[in-house]
file query25.pdb (PDB, C-alpha atoms (C1' of nucleotides))
ATOM      1  CA  MET A 274       7.925 -34.358  16.482
ATOM      2  CA  ARG A 275       4.902 -32.190  16.772
ATOM      3  CA  TYR A 276       2.651 -30.235  14.524
ATOM      4  CA  LYS A 277       2.397 -26.534  14.362
ATOM      5  CA  ILE A 278      -1.028 -25.171  13.672
ATOM      6  CA  LYS A 279      -0.520 -22.586  11.052
ATOM      7  CA  TYR A 280      -2.413 -19.350  11.083
ATOM      8  CA  MET A 281      -3.161 -17.825   7.747
ATOM      9  CA  ALA A 282      -2.787 -14.251   6.628
ATOM     10  CA  ILE A 283      -6.473 -13.535   6.216
ATOM     11  CA  ASN A 284      -7.361 -10.052   5.121
ATOM     12  CA  LYS A 285      -9.074  -8.367   8.036
ATOM     13  CA  SER A 286      -9.683  -5.040   6.358
ATOM     14  CA  ASN A 287     -13.379  -5.691   5.940
ATOM     15  CA  ILE A 288     -14.156  -5.925   9.611
ATOM     16  CA  PHE A 289     -13.507  -2.237  10.148
ATOM     17  CA  PRO A 290     -16.280   0.358   9.950
ATOM     18  CA  GLU A 291     -17.420   1.135   6.429
ATOM     19  CA  GLU A 292     -16.365   4.767   6.634
ATOM     20  CA  VAL A 293     -12.910   3.796   7.853
ATOM     21  CA  GLN A 294     -12.544   1.340   4.996
ATOM     22  CA  GLU A 295     -13.605   3.992   2.521
ATOM     23  CA  LEU A 296     -10.955   6.431   3.689
ATOM     24  CA  ALA A 297      -8.298   3.731   3.715
ATOM     25  CA  ALA A 298      -9.201   2.669   0.189
ATOM     26  CA  LEU A 299      -8.887   6.230  -1.049
ATOM     27  CA  ALA A 300      -5.573   6.658   0.725
ATOM     28  CA  LYS A 301      -4.315   3.386  -0.614
ATOM     29  CA  ALA A 302      -5.036   4.485  -4.164
ATOM     30  CA  LEU A 303      -3.134   7.712  -3.507
ATOM     31  CA  GLY A 304      -0.300   5.803  -1.871
ATOM     32  CA  HIS A 305       2.065   5.692  -4.802
ATOM     33  CA  PRO A 306       3.904   8.635  -6.400
ATOM     34  CA  ALA A 307       3.017   7.437  -9.886
ATOM     35  CA  ARG A 308      -0.667   7.577  -9.109
ATOM     36  CA  ILE A 309      -0.413  11.035  -7.558
ATOM     37  CA  ALA A 310       1.449  12.149 -10.671
ATOM     38  CA  ILE A 311      -1.179  10.639 -12.949
ATOM     39  CA  LEU A 312      -3.956  12.530 -11.186
ATOM     40  CA  GLN A 313      -2.001  15.768 -11.463
ATOM     41  CA  ALA A 314      -1.389  15.142 -15.145
ATOM     42  CA  LEU A 315      -5.060  14.449 -15.803
ATOM     43  CA  ALA A 316      -6.007  17.648 -14.010
ATOM     44  CA  GLN A 317      -3.462  19.815 -15.799
ATOM     45  CA  LYS A 318      -4.424  18.829 -19.305
ATOM     46  CA  GLN A 319      -7.769  20.308 -20.190
ATOM     47  CA  SER A 320      -8.753  17.345 -22.278
ATOM     48  CA  CYS A 321      -8.620  13.833 -20.947
ATOM     49  CA  ILE A 322      -5.307  12.570 -22.124
ATOM     50  CA  CYS A 323      -4.455   8.958 -22.589
ATOM     51  CA  GLY A 324      -1.090   7.529 -23.632
ATOM     52  CA  GLU A 325       0.492  10.913 -23.071
ATOM     53  CA  ILE A 326       0.655   9.910 -19.463
ATOM     54  CA  VAL A 327       3.106   7.206 -20.404
ATOM     55  CA  GLU A 328       5.398   9.847 -21.878
ATOM     56  CA  ILE A 329       5.190  12.009 -18.793
ATOM     57  CA  LEU A 330       5.885   9.254 -16.303
ATOM     58  CA  PRO A 331       9.250   7.529 -15.973
ATOM     59  CA  LEU A 332       7.620   4.126 -16.190
ATOM     60  CA  SER A 333       6.849   1.619 -18.877
ATOM     61  CA  GLN A 334       3.566   1.516 -20.731
ATOM     62  CA  ALA A 335       2.587  -1.698 -18.990
ATOM     63  CA  THR A 336       3.237  -0.264 -15.566
ATOM     64  CA  VAL A 337       1.369   2.961 -16.250
ATOM     65  CA  SER A 338      -1.553   0.950 -17.544
ATOM     66  CA  GLN A 339      -1.522  -0.976 -14.308
ATOM     67  CA  HIS A 340      -1.583   2.192 -12.191
ATOM     68  CA  LEU A 341      -4.423   3.559 -14.306
ATOM     69  CA  LYS A 342      -6.335   0.375 -13.674
ATOM     70  CA  ALA A 343      -5.768   0.712  -9.943
ATOM     71  CA  LEU A 344      -7.014   4.290  -9.957
ATOM     72  CA  LYS A 345     -10.021   3.297 -12.014
ATOM     73  CA  GLU A 346     -10.921   0.384  -9.799
ATOM     74  CA  ALA A 347     -10.654   2.584  -6.740
ATOM     75  CA  GLY A 348     -13.002   5.033  -8.417
ATOM     76  CA  LEU A 349     -10.668   8.023  -8.687
ATOM     77  CA  ILE A 350     -10.697   8.139 -12.459
ATOM     78  CA  LYS A 351     -12.915   7.120 -15.319
ATOM     79  CA  GLY A 352     -11.754   5.702 -18.611
ATOM     80  CA  GLU A 353     -13.314   5.176 -21.972
ATOM     81  CA  VAL A 354     -12.086   3.936 -25.312
ATOM     82  CA  GLU A 355     -11.892   6.357 -28.207
ATOM     83  CA  GLY A 356     -10.868   4.463 -31.263
ATOM     84  CA  VAL A 357      -7.426   3.058 -30.806
ATOM     85  CA  LYS A 358      -6.734   5.387 -27.970
ATOM     86  CA  SER A 359      -7.989   5.195 -24.475
ATOM     87  CA  CYS A 360      -9.058   8.264 -22.653
ATOM     88  CA  TYR A 361      -8.950   8.790 -18.923
ATOM     89  CA  CYS A 362     -10.197  11.587 -16.800
ATOM     90  CA  LEU A 363     -10.762  12.363 -13.152
ATOM     91  CA  ASN A 364     -13.915  11.022 -11.556
ATOM     92  CA  LEU A 365     -15.003  14.370 -10.196
ATOM     93  CA  GLU A 366     -18.038  13.005  -8.430
ATOM     94  CA  TYR A 367     -15.988  10.635  -6.358
ATOM     95  CA  LEU A 368     -13.159  13.060  -5.703
ATOM     96  CA  GLU A 369     -15.490  15.866  -4.740
ATOM     97  CA  LYS A 370     -17.240  13.541  -2.359
ATOM     98  CA  MET A 371     -14.092  12.122  -0.786
ATOM     99  CA  SER A 372     -11.986  15.265  -0.469
ATOM    100  CA  PRO A 373     -14.190  16.730   2.292
ATOM    101  CA  LEU A 374     -14.381  13.373   4.041
ATOM    102  CA  LEU A 375     -10.619  13.159   4.207
ATOM    103  CA  ASN A 376     -10.441  16.747   5.345
ATOM    104  CA  GLN A 377     -12.997  16.031   8.028
ATOM    105  CA  PHE A 378     -10.957  13.063   9.165
ATOM    106  CA  PHE A 379      -7.971  15.307   9.767
ATOM    107  CA  LYS A 380     -10.116  17.911  11.455
ATOM    108  CA  ASN A 381     -11.547  15.311  13.814
ATOM    109  CA  ILE A 382      -8.132  13.972  14.591
ATOM    110  CA  LEU A 383      -6.540  17.339  15.128
ATOM    111  CA  THR A 384      -8.958  18.655  17.695
ATOM    112  CA  PRO A 385      -6.965  19.877  20.680
ATOM    113  CA  GLY A 386      -6.983  17.444  23.549
ATOM    114  CA  CYS A 387      -4.580  14.791  22.499
ATOM    115  CA  CYS A 388      -1.196  14.851  24.209
TER     116      CYS A 388
ATOM    117  CA  MET B 226      17.898 -22.926 -25.485
ATOM    118  CA  ARG B 227      18.336 -19.271 -24.828
ATOM    119  CA  TYR B 228      18.593 -17.015 -21.879
ATOM    120  CA  LYS B 229      16.109 -14.465 -20.831
ATOM    121  CA  ILE B 230      17.562 -11.291 -19.505
ATOM    122  CA  LYS B 231      15.708 -10.638 -16.350
ATOM    123  CA  TYR B 232      14.686  -7.180 -15.391
ATOM    124  CA  MET B 233      14.437  -6.529 -11.711
ATOM    125  CA  ALA B 234      11.634  -4.910  -9.790
ATOM    126  CA  ILE B 235      13.496  -1.790  -8.800
ATOM    127  CA  ASN B 236      11.556   0.686  -6.732
ATOM    128  CA  LYS B 237      11.086   3.803  -8.837
ATOM    129  CA  SER B 238       9.234   5.836  -6.248
ATOM    130  CA  ASN B 239      12.211   8.038  -5.519
ATOM    131  CA  ILE B 240      12.471   9.495  -8.988
ATOM    132  CA  PHE B 241       9.253  11.430  -8.584
ATOM    133  CA  PRO B 242       9.194  15.036  -7.334
ATOM    134  CA  GLU B 243       9.812  15.369  -3.620
ATOM    135  CA  GLU B 244       6.401  16.876  -2.931
ATOM    136  CA  VAL B 245       4.668  14.069  -4.820
ATOM    137  CA  GLN B 246       6.615  11.492  -2.833
ATOM    138  CA  GLU B 247       5.667  13.208   0.395
ATOM    139  CA  LEU B 248       1.961  13.065  -0.372
ATOM    140  CA  ALA B 249       2.187   9.468  -1.505
ATOM    141  CA  ALA B 250       4.029   8.479   1.660
ATOM    142  CA  LEU B 251       1.347  10.089   3.815
ATOM    143  CA  ALA B 252      -1.394   8.395   1.814
ATOM    144  CA  LYS B 253       0.359   5.076   1.993
ATOM    145  CA  ALA B 254       0.505   5.290   5.771
ATOM    146  CA  LEU B 255      -3.235   6.020   5.819
ATOM    147  CA  GLY B 256      -3.897   3.220   3.363
ATOM    148  CA  HIS B 257      -5.013   0.579   5.807
ATOM    149  CA  PRO B 258      -8.177   0.582   7.924
ATOM    150  CA  ALA B 259      -6.263  -0.482  11.014
ATOM    151  CA  ARG B 260      -4.015   2.557  10.787
ATOM    152  CA  ILE B 261      -6.941   4.910  10.259
ATOM    153  CA  ALA B 262      -8.591   3.355  13.296
ATOM    154  CA  ILE B 263      -5.433   3.730  15.362
ATOM    155  CA  LEU B 264      -5.234   7.429  14.561
ATOM    156  CA  GLN B 265      -8.873   7.887  15.502
ATOM    157  CA  ALA B 266      -8.327   6.018  18.749
ATOM    158  CA  LEU B 267      -5.296   8.130  19.634
ATOM    159  CA  ALA B 268      -7.299  11.282  18.957
ATOM    160  CA  GLN B 269     -10.339  10.223  20.962
ATOM    161  CA  LYS B 270      -8.525   9.371  24.158
ATOM    162  CA  GLN B 271      -7.312  12.499  25.819
ATOM    163  CA  SER B 272      -4.201  10.853  27.089
ATOM    164  CA  CYS B 273      -1.860   8.955  24.811
ATOM    165  CA  ILE B 274      -2.904   5.401  25.182
ATOM    166  CA  CYS B 275      -0.730   2.444  24.485
ATOM    167  CA  GLY B 276      -1.723  -1.205  24.669
ATOM    168  CA  GLU B 277      -5.347  -0.139  24.894
ATOM    169  CA  ILE B 278      -5.207   0.127  21.147
ATOM    170  CA  VAL B 279      -4.713  -3.595  20.977
ATOM    171  CA  GLU B 280      -7.976  -4.059  22.862
ATOM    172  CA  ILE B 281      -9.859  -1.733  20.568
ATOM    173  CA  LEU B 282      -8.633  -3.239  17.331
ATOM    174  CA  PRO B 283      -9.634  -6.692  16.105
ATOM    175  CA  LEU B 284      -6.016  -7.625  15.570
ATOM    176  CA  SER B 285      -3.294  -9.360  17.510
ATOM    177  CA  GLN B 286      -0.767  -7.504  19.620
ATOM    178  CA  ALA B 287       1.981  -8.292  17.144
ATOM    179  CA  THR B 288       0.028  -6.927  14.221
ATOM    180  CA  VAL B 289      -0.993  -3.760  16.018
ATOM    181  CA  SER B 290       2.602  -3.207  17.014
ATOM    182  CA  GLN B 291       3.564  -3.523  13.384
ATOM    183  CA  HIS B 292       0.993  -0.932  12.300
ATOM    184  CA  LEU B 293       2.145   1.401  15.061
ATOM    185  CA  LYS B 294       5.671   1.041  13.782
ATOM    186  CA  ALA B 295       4.542   1.889  10.264
ATOM    187  CA  LEU B 296       2.716   4.994  11.450
ATOM    188  CA  LYS B 297       5.711   6.027  13.507
ATOM    189  CA  GLU B 298       8.171   5.549  10.680
ATOM    190  CA  ALA B 299       5.949   7.554   8.368
ATOM    191  CA  GLY B 300       5.928  10.327  10.967
ATOM    192  CA  LEU B 301       2.210  10.346  11.759
ATOM    193  CA  ILE B 302       2.633   9.374  15.382
ATOM    194  CA  LYS B 303       5.230   9.591  18.093
ATOM    195  CA  GLY B 304       5.970   6.961  20.682
ATOM    196  CA  GLU B 305       7.820   6.825  23.929
ATOM    197  CA  VAL B 306       8.395   4.236  26.587
ATOM    198  CA  GLU B 307       6.855   4.758  30.005
ATOM    199  CA  GLY B 308       7.984   1.999  32.253
ATOM    200  CA  VAL B 309       6.690  -1.315  31.011
ATOM    201  CA  LYS B 310       4.175   0.410  28.853
ATOM    202  CA  SER B 311       4.665   2.218  25.635
ATOM    203  CA  CYS B 312       2.833   5.377  24.913
ATOM    204  CA  TYR B 313       1.866   6.670  21.519
ATOM    205  CA  CYS B 314       0.330   9.900  20.416
ATOM    206  CA  LEU B 315      -0.347  11.815  17.247
ATOM    207  CA  ASN B 316       2.508  13.773  15.754
ATOM    208  CA  LEU B 317       0.582  17.010  15.548
ATOM    209  CA  GLU B 318       3.378  18.918  13.870
ATOM    210  CA  TYR B 319       3.495  16.546  10.982
ATOM    211  CA  LEU B 320      -0.252  16.109  10.668
ATOM    212  CA  GLU B 321      -0.915  19.826  10.852
ATOM    213  CA  LYS B 322       1.649  20.362   8.164
ATOM    214  CA  MET B 323       0.405  17.618   5.855
ATOM    215  CA  SER B 324      -3.347  18.076   6.175
ATOM    216  CA  PRO B 325      -3.336  21.380   4.257
ATOM    217  CA  LEU B 326      -0.954  19.961   1.664
ATOM    218  CA  LEU B 327      -3.302  17.096   0.969
ATOM    219  CA  ASN B 328      -6.209  19.486   0.863
ATOM    220  CA  GLN B 329      -4.352  21.701  -1.551
ATOM    221  CA  PHE B 330      -3.637  18.697  -3.729
ATOM    222  CA  PHE B 331      -7.354  18.025  -4.058
ATOM    223  CA  LYS B 332      -8.076  21.687  -4.670
ATOM    224  CA  ASN B 333      -5.513  21.799  -7.463
ATOM    225  CA  ILE B 334      -6.873  18.677  -9.026
ATOM    226  CA  LEU B 335     -10.486  19.714  -8.773
ATOM    227  CA  THR B 336     -10.208  23.036 -10.549
ATOM    228  CA  PRO B 337     -12.826  23.131 -13.274
ATOM    229  CA  GLY B 338     -11.424  22.427 -16.703
ATOM    230  CA  CYS B 339     -10.859  18.734 -16.701
ATOM    231  CA  CYS B 340     -13.331  16.767 -18.775
TER     232      CYS B 340
ATOM    233  C1'  DA C 241      -5.931  -7.503 -46.740
ATOM    234  C1'  DT C 242      -1.848  -6.074 -44.513
ATOM    235  C1'  DC C 243       0.544  -2.935 -41.506
ATOM    236  C1'  DT C 244       0.846   0.258 -37.875
ATOM    237  C1'  DT C 245      -0.396   2.142 -33.533
ATOM    238  C1'  DA C 246      -2.363   2.194 -28.898
ATOM    239  C1'  DT C 247      -3.356  -0.012 -24.945
ATOM    240  C1'  DA C 248      -4.745  -3.929 -22.133
ATOM    241  C1'  DT C 249      -3.348  -8.150 -20.343
ATOM    242  C1'  DC C 250      -0.298 -12.275 -19.344
ATOM    243  C1'  DG C 251       3.554 -14.092 -17.117
ATOM    244  C1'  DC C 252       7.139 -13.595 -14.390
ATOM    245  C1'  DA C 253      10.475 -11.786 -10.675
ATOM    246  C1'  DA C 254      11.174  -9.345  -6.794
ATOM    247  C1'  DA C 255       9.767  -6.566  -3.081
ATOM    248  C1'  DT C 256       6.583  -5.241   0.332
ATOM    249  C1'  DA C 257       2.595  -5.752   3.270
ATOM    250  C1'  DT C 258      -0.438  -8.246   6.344
ATOM    251  C1'  DA C 259      -1.179 -11.346   9.957
ATOM    252  C1'  DC C 260      -0.012 -14.069  13.936
ATOM    253  C1'  DG C 261       2.420 -17.320  17.334
ATOM    254  C1'  DA C 262       6.488 -17.516  19.830
ATOM    255  C1'  DT C 263      10.139 -15.386  21.879
ATOM    256  C1'  DT C 264      12.809 -11.704  23.845
ATOM    257  C1'  DA C 265      13.750  -7.673  26.568
ATOM    258  C1'  DA C 266      12.780  -4.646  29.914
ATOM    259  C1'  DT C 267      10.299  -2.964  33.715
ATOM    260  C1'  DG C 268       7.332  -3.630  37.852
ATOM    261  C1'  DT C 269       5.630  -6.475  41.541
ATOM    262  C1'  DT C 270       5.990  -9.848  45.266
TER     263       DT C 270
ATOM    264  C1'  DA D 208      15.640 -13.415  43.291
ATOM    265  C1'  DA D 209      11.507 -15.104  41.045
ATOM    266  C1'  DC D 210       7.463 -13.905  38.677
ATOM    267  C1'  DA D 211       4.204 -11.122  35.978
ATOM    268  C1'  DT D 212       3.204  -7.714  32.540
ATOM    269  C1'  DT D 213       3.913  -5.054  28.427
ATOM    270  C1'  DA D 214       5.388  -4.437  24.033
ATOM    271  C1'  DA D 215       8.926  -5.085  20.445
ATOM    272  C1'  DT D 216      10.870  -8.269  17.438
ATOM    273  C1'  DC D 217      11.704 -12.811  15.018
ATOM    274  C1'  DG D 218      10.137 -16.230  12.074
ATOM    275  C1'  DT D 219       6.947 -17.758   9.010
ATOM    276  C1'  DA D 220       3.002 -18.058   5.718
ATOM    277  C1'  DT D 221       0.515 -15.827   2.506
ATOM    278  C1'  DA D 222      -1.182 -12.006  -0.219
ATOM    279  C1'  DT D 223      -0.488  -7.961  -2.638
ATOM    280  C1'  DT D 224       2.182  -4.552  -5.096
ATOM    281  C1'  DT D 225       5.485  -2.960  -8.286
ATOM    282  C1'  DG D 226       7.767  -3.368 -12.431
ATOM    283  C1'  DC D 227       8.635  -4.862 -17.103
ATOM    284  C1'  DG D 228       8.932  -7.664 -21.504
ATOM    285  C1'  DA D 229       6.108 -10.044 -24.448
ATOM    286  C1'  DT D 230       1.912 -10.855 -26.378
ATOM    287  C1'  DA D 231      -2.880 -10.067 -27.612
ATOM    288  C1'  DT D 232      -6.474  -7.189 -29.192
ATOM    289  C1'  DA D 233      -8.658  -3.858 -31.574
ATOM    290  C1'  DA D 234      -8.952   0.189 -34.302
ATOM    291  C1'  DG D 235      -6.984   3.158 -37.900
ATOM    292  C1'  DA D 236      -4.053   3.777 -41.998
ATOM    293  C1'  DT D 237      -2.220   2.156 -46.455
TER     294       DT D 237
END

call {"tool": "encode", "arguments": {"input": "query25.pdb", "output": "structure tokens"}}
result
Amino acid sequence: MRYKIKYMAINKSNIFPEEVQELAALAKALGHPARIAILQALAQKQSCICGEIVEILPLSQATVSQHLKALKEAGLIKGEVEGVKSCYCLNLEYLEKMSPLLNQFFKNILTPGCC
Amino acid sequence: MRYKIKYMAINKSNIFPEEVQELAALAKALGHPARIAILQALAQKQSCICGEIVEILPLSQATVSQHLKALKEAGLIKGEVEGVKSCYCLNLEYLEKMSPLLNQFFKNILTPGCC
DNA sequence: ATCTTATATCGCAAATATACGATTAATGTT
DNA sequence: AACATTAATCGTATATTTGCGATATAAGAT
């Protein structure tokens, strides 16, 4: 009978370069159809809609709320309470900062030379 | 004593529009620093490197292999065996197709009008 | 004050992702 | 044939994500 030393599933994300982490975090937030759809919905409506999103998406209120939270925590959207309702809108500052960075990432990657 | 009917965590991703799913799938693949770093490494080296990636990344061989598999299955990279070694490179077709789509997504979202 | 409405959060189940050691498979080398 | 090297895969532990019902909270309406 012998012991097995057990490794643990430590999160190693934070040992990558800051800029790499930033891109990955953005991508992660975009990495679910519901969240893409939420961003599109927020952009389409002129005003910042709230629970209307729940009606648009084929998901429960609880689940939509969760996705909104994820988007908010990642910085893609902002949210504020307006009476009973809760009003979300795109975080333009963040998105306008990150969009070119992501684009630059692809540009850098797609320079001829590879393969 | 009464039963609780238990809902199951069905994956609802596939009921979103095709184009939304496509973007989300791309983003999901990019949603980890290791995978961003792998793509950058593949782009930097002229030739398609293989196990060199393992040396660059602060992760075990098994883990890197797993990330490579994820990138391959998502279509971002291609891989082929070359003797003992295994050689990966960017899937330029896919990336050159998706980069503008992602860019367009941001453009659509960032049209003035919201909030 | 009670009732309704809107949304966040809790608690749970299930699925997926992350990480690695150990092993396997397949090729190259001696 | 035996050994070394490379990389995929298996098995496992743990963490995170996805999803929803139920509940809590807080504001508005009656």

call {"tool": "calpha_fit_rmsd", "arguments": {"input": "query25.pdb", "fixed": "chain B", "moving": "chain A"}}
result
0.2 Å

call {"tool": "closest_residue", "arguments": {"input": "query25.pdb", "among": "C:DT247, C:DT258, C:DT242, C:DT264", "to": "D:DA222", "atoms": "all atoms listed in the file"}}
result
C:DT258

call {"tool": "atom_distance", "arguments": {"input": "query25.pdb", "atom1": "atom CA of A:His305", "atom2": "atom CA of B:Ala249"}}
result
5.0 Å

call {"tool": "atom_distance", "arguments": {"input": "query25.pdb", "atom1": "atom C1' of D:DC217", "atom2": "atom C1' of C:DT263"}}
result
7.5 Å

call {"tool": "resolve_selection", "arguments": {"input": "query25.pdb", "expression": "the PyMOL selection byres ((chain A and resi 326) around 10)", "output": "ChimeraX atom specification"}}
result
/A:310-312,314-315,322-325,327-332,334,337-338,341,361

call {"tool": "interface_residues", "arguments": {"input": "query25.pdb", "of": "chain B", "to": "chain A", "cutoff": "8 Å", "atoms": "only C-alpha atoms", "output": "PyMOL selection string"}}
result
chain B and resi 238+240-241+245-246+248-259+261-262+264-265+267-273+283+314-315+317+320-321+324+328+331+333-336+338-340

call {"tool": "write_last_selection", "arguments": {"input": "query25.pdb", "atoms": "C-alpha atoms", "output": "PDB file, keeping the file's coordinate frame"}}
result
ATOM      1  CA  SER B 238       9.234   5.836  -6.248  1.00  0.00           C
ATOM      2  CA  ILE B 240      12.471   9.495  -8.988  1.00  0.00           C
ATOM      3  CA  PHE B 241       9.253  11.430  -8.584  1.00  0.00           C
ATOM      4  CA  VAL B 245       4.668  14.069  -4.820  1.00  0.00           C
ATOM      5  CA  GLN B 246       6.615  11.492  -2.833  1.00  0.00           C
ATOM      6  CA  LEU B 248       1.961  13.065  -0.372  1.00  0.00           C
ATOM      7  CA  ALA B 249       2.187   9.468  -1.505  1.00  0.00           C
ATOM      8  CA  ALA B 250       4.029   8.479   1.660  1.00  0.00           C
ATOM      9  CA  LEU B 251       1.347  10.089   3.815  1.00  0.00           C
ATOM     10  CA  ALA B 252      -1.394   8.395   1.814  1.00  0.00           C
ATOM     11  CA  LYS B 253       0.359   5.076   1.993  1.00  0.00           C
ATOM     12  CA  ALA B 254       0.505   5.290   5.771  1.00  0.00           C
ATOM     13  CA  LEU B 255      -3.235   6.020   5.819  1.00  0.00           C
ATOM     14  CA  GLY B 256      -3.897   3.220   3.363  1.00  0.00           C
ATOM     15  CA  HIS B 257      -5.013   0.579   5.807  1.00  0.00           C
ATOM     16  CA  PRO B 258      -8.177   0.582   7.924  1.00  0.00           C
ATOM     17  CA  ALA B 259      -6.263  -0.482  11.014  1.00  0.00           C
ATOM     18  CA  ILE B 261      -6.941   4.910  10.259  1.00  0.00           C
ATOM     19  CA  ALA B 262      -8.591   3.355  13.296  1.00  0.00           C
ATOM     20  CA  LEU B 264      -5.234   7.429  14.561  1.00  0.00           C
ATOM     21  CA  GLN B 265      -8.873   7.887  15.502  1.00  0.00           C
ATOM     22  CA  LEU B 267      -5.296   8.130  19.634  1.00  0.00           C
ATOM     23  CA  ALA B 268      -7.299  11.282  18.957  1.00  0.00           C
ATOM     24  CA  GLN B 269     -10.339  10.223  20.962  1.00  0.00           C
ATOM     25  CA  LYS B 270      -8.525   9.371  24.158  1.00  0.00           C
ATOM     26  CA  GLN B 271      -7.312  12.499  25.819  1.00  0.00           C
ATOM     27  CA  SER B 272      -4.201  10.853  27.089  1.00  0.00           C
ATOM     28  CA  CYS B 273      -1.860   8.955  24.811  1.00  0.00           C
ATOM     29  CA  PRO B 283      -9.634  -6.692  16.105  1.00  0.00           C
ATOM     30  CA  CYS B 314       0.330   9.900  20.416  1.00  0.00           C
ATOM     31  CA  LEU B 315      -0.347  11.815  17.247  1.00  0.00           C
ATOM     32  CA  LEU B 317       0.582  17.010  15.548  1.00  0.00           C
ATOM     33  CA  LEU B 320      -0.252  16.109  10.668  1.00  0.00           C
ATOM     34  CA  GLU B 321      -0.915  19.826  10.852  1.00  0.00           C
ATOM     35  CA  SER B 324      -3.347  18.076   6.175  1.00  0.00           C
ATOM     36  CA  ASN B 328      -6.209  19.486   0.863  1.00  0.00           C
ATOM     37  CA  PHE B 331      -7.354  18.025  -4.058  1.00  0.00           C
ATOM     38  CA  ASN B 333      -5.513  21.799  -7.463  1.00  0.00           C
ATOM     39  CA  ILE B 334      -6.873  18.677  -9.026  1.00  0.00           C
ATOM     40  CA  LEU B 335     -10.486  19.714  -8.773  1.00  0.00           C
ATOM     41  CA  THR B 336     -10.208  23.036 -10.549  1.00  0.00           C
ATOM     42  CA  GLY B 338     -11.424  22.427 -16.703  1.00  0.00           C
ATOM     43  CA  CYS B 339     -10.859  18.734 -16.701  1.00  0.00           C
ATOM     44  CA  CYS B 340     -13.331  16.767 -18.775  1.00  0.00           C
TER      45      CYS B 340
END
